Each structure stands twice: as structure tokens, then as C-alpha cells.
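Peer 1: Structure in C-alpha cells, see below.
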Amino acid sequence: MVQSSLNGSSRVLYSVDEVAEMFGVCNKSVYRLIARGHLKASSALRHKRISRESIDAFVRTTTGGAR
């Protein structure tokens with residue numbers, strides 16, 4: 001899980017900028033991950049929001065289930 005990045009927060013949705021900061025990448029990379037189907041995002045008005053579940057699933061699949 002991305003628990004250390006989430007600081008134990010009970011939040012459900014994160015902005016593209018917040019996810020980019022968690023992953024240490026630029027927000028364009030997060031948009032690419034969404035476009036390629038690696039992260040699932042919902043659109044709230046014009047803004048993309050990524051669920052904590054999607055973030056955790058991405059980390060699990062890219063780290064081979066470690067953590």
C-alpha cells in the first residue's frame with residue numbers, strides 16, 4: 001500500500017497533482033498512466049480524481065505485490 005505517502009489519511013479521492021507528488025513524477029506522467037489504463041480516474045466536472053483503491057492497486061501490480 002501507499003500508506004506512507006497517504007499519511008494514514010482516510011481520504012478516498014486524490015487530484016492528479018497529489019498523485020504525481022506521491023509517485024515523485026510530473027502530472028503529465030499521471031495523465032499518461034490514466035490514458036493507458038494503469039490508473040482509474042473519475043472526472044468531477046473537468047477535474048480528474050484518482051481513488052486510493054486505484055493507487056494501491058497500481059502499486060501492488062507494479063511492485064509485484066510487495067508491501
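By convention in this document, the chains of the C-alpha cells carry letters A, B, ... by their order, each chain's residues are numbered from 1, and ligands are numbered from 1 in the order they are shown.
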Residues at most 12 Å from segment 29-41 of chain A, counting only C-alpha atoms, excluding those fewer than 5 positions away in the same chain, as an NGL selection string?
Peer 2: :A and (12-24 or 46-62)
Peer 1: Give the helix (DSSP H, G or I) residues of chain A, as DSSP finds them on the backbone, and put them as a VMD selection string.
Peer 2: chain A and resid 3 to 6 16 to 23 27 to 35 52 to 62
Peer 1: Include N, CA and C atoms and write out the residues we just selected as an mmCIF file, in the first residue's frame.
Peer 2:
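Contents of the output file out.cif:
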data_model
loop_
_atom_site.group_PDB
_atom_site.id
_atom_site.type_symbol
_atom_site.label_atom_id
_atom_site.label_comp_id
_atom_site.auth_asym_id
_atom_site.auth_seq_id
_atom_site.Cartn_x
_atom_site.Cartn_y
_atom_site.Cartn_z
ATOM 1 N N GLN A 3 0.669 3.621 1.994
ATOM 2 C CA GLN A 3 0.294 4.182 3.285
ATOM 3 C C GLN A 3 1.200 5.324 3.720
ATOM 4 N N SER A 4 2.512 5.192 3.549
ATOM 5 C CA SER A 4 3.403 6.261 3.989
ATOM 6 C C SER A 4 3.146 7.540 3.202
ATOM 7 N N SER A 5 2.801 7.423 1.927
ATOM 8 C CA SER A 5 2.513 8.603 1.133
ATOM 9 C C SER A 5 1.167 9.211 1.492
ATOM 10 N N LEU A 6 0.259 8.372 1.926
ATOM 11 C CA LEU A 6 -1.075 8.853 2.253
ATOM 12 C C LEU A 6 -1.156 9.375 3.683
ATOM 13 N N VAL A 16 -4.738 14.771 -9.599
ATOM 14 C CA VAL A 16 -3.597 14.346 -10.406
ATOM 15 C C VAL A 16 -2.304 14.886 -9.803
ATOM 16 N N ASP A 17 -2.316 16.135 -9.375
ATOM 17 C CA ASP A 17 -1.114 16.729 -8.777
ATOM 18 C C ASP A 17 -0.704 16.008 -7.498
ATOM 19 N N GLU A 18 -1.672 15.613 -6.676
ATOM 20 C CA GLU A 18 -1.355 14.897 -5.440
ATOM 21 C C GLU A 18 -0.758 13.524 -5.729
ATOM 22 N N VAL A 19 -1.320 12.823 -6.716
ATOM 23 C CA VAL A 19 -0.791 11.508 -7.081
ATOM 24 C C VAL A 19 0.610 11.651 -7.670
ATOM 25 N N ALA A 20 0.817 12.676 -8.473
ATOM 26 C CA ALA A 20 2.143 12.923 -9.036
ATOM 27 C C ALA A 20 3.162 13.144 -7.926
ATOM 28 N N GLU A 21 2.772 13.893 -6.907
ATOM 29 C CA GLU A 21 3.673 14.126 -5.778
ATOM 30 C C GLU A 21 3.959 12.834 -5.017
ATOM 31 N N MET A 22 2.918 12.006 -4.820
ATOM 32 C CA MET A 22 3.106 10.712 -4.134
ATOM 33 C C MET A 22 4.113 9.838 -4.873
ATOM 34 N N PHE A 23 4.000 9.804 -6.208
ATOM 35 C CA PHE A 23 4.834 8.938 -7.030
ATOM 36 C C PHE A 23 6.180 9.569 -7.378
ATOM 37 N N ASN A 27 2.837 15.678 -13.341
ATOM 38 C CA ASN A 27 1.421 15.360 -13.526
ATOM 39 C C ASN A 27 1.131 14.809 -14.920
ATOM 40 N N LYS A 28 1.956 15.153 -15.901
ATOM 41 C CA LYS A 28 1.772 14.596 -17.245
ATOM 42 C C LYS A 28 1.947 13.072 -17.231
ATOM 43 N N SER A 29 2.863 12.576 -16.406
ATOM 44 C CA SER A 29 3.058 11.123 -16.285
ATOM 45 C C SER A 29 1.817 10.456 -15.696
ATOM 46 N N VAL A 30 1.165 11.120 -14.755
ATOM 47 C CA VAL A 30 -0.059 10.568 -14.167
ATOM 48 C C VAL A 30 -1.162 10.530 -15.220
ATOM 49 N N TYR A 31 -1.280 11.595 -16.020
ATOM 50 C CA TYR A 31 -2.266 11.582 -17.111
ATOM 51 C C TYR A 31 -1.985 10.440 -18.093
ATOM 52 N N ARG A 32 -0.713 10.160 -18.358
ATOM 53 C CA ARG A 32 -0.366 9.027 -19.238
ATOM 54 C C ARG A 32 -0.794 7.710 -18.618
ATOM 55 N N LEU A 33 -0.559 7.542 -17.315
ATOM 56 C CA LEU A 33 -0.969 6.307 -16.637
ATOM 57 C C LEU A 33 -2.480 6.127 -16.714
ATOM 58 N N ILE A 34 -3.212 7.217 -16.611
ATOM 59 C CA ILE A 34 -4.677 7.155 -16.735
ATOM 60 C C ILE A 34 -5.061 6.766 -18.160
ATOM 61 N N ALA A 35 -4.448 7.413 -19.142
ATOM 62 C CA ALA A 35 -4.766 7.150 -20.551
ATOM 63 C C ALA A 35 -4.461 5.705 -20.940
ATOM 64 N N ARG A 52 -8.043 6.047 -3.947
ATOM 65 C CA ARG A 52 -6.977 5.401 -3.187
ATOM 66 C C ARG A 52 -6.875 3.933 -3.577
ATOM 67 N N GLU A 53 -8.009 3.299 -3.856
ATOM 68 C CA GLU A 53 -8.005 1.896 -4.296
ATOM 69 C C GLU A 53 -7.219 1.731 -5.589
ATOM 70 N N SER A 54 -7.407 2.643 -6.523
ATOM 71 C CA SER A 54 -6.694 2.567 -7.798
ATOM 72 C C SER A 54 -5.197 2.776 -7.596
ATOM 73 N N ILE A 55 -4.847 3.703 -6.716
ATOM 74 C CA ILE A 55 -3.435 3.953 -6.417
ATOM 75 C C ILE A 55 -2.806 2.709 -5.805
ATOM 76 N N ASP A 56 -3.484 2.124 -4.811
ATOM 77 C CA ASP A 56 -2.959 0.927 -4.149
ATOM 78 C C ASP A 56 -2.829 -0.238 -5.125
ATOM 79 N N ALA A 57 -3.834 -0.406 -6.002
ATOM 80 C CA ALA A 57 -3.790 -1.493 -6.987
ATOM 81 C C ALA A 57 -2.621 -1.301 -7.949
ATOM 82 N N PHE A 58 -2.391 -0.073 -8.372
ATOM 83 C CA PHE A 58 -1.271 0.215 -9.269
ATOM 84 C C PHE A 58 0.054 -0.127 -8.599
ATOM 85 N N VAL A 59 0.213 0.270 -7.358
ATOM 86 C CA VAL A 59 1.456 -0.003 -6.636
ATOM 87 C C VAL A 59 1.651 -1.508 -6.466
ATOM 88 N N ARG A 60 0.582 -2.227 -6.134
ATOM 89 C CA ARG A 60 0.677 -3.688 -5.974
ATOM 90 C C ARG A 60 1.113 -4.351 -7.273
ATOM 91 N N THR A 61 0.516 -3.951 -8.388
ATOM 92 C CA THR A 61 0.827 -4.621 -9.654
ATOM 93 C C THR A 61 2.207 -4.248 -10.169
ATOM 94 N N THR A 62 2.676 -3.045 -9.882
ATOM 95 C CA THR A 62 3.983 -2.629 -10.390
ATOM 96 C C THR A 62 5.127 -3.036 -9.472
#
Peer 1: Step one, run DSSP on the backbone; step two, keep only residues of chain A assigned to strand (DSSP E or B); then write them as a ChimeraX atom specification.
Peer 2: /A:13-15,41-44,47-51
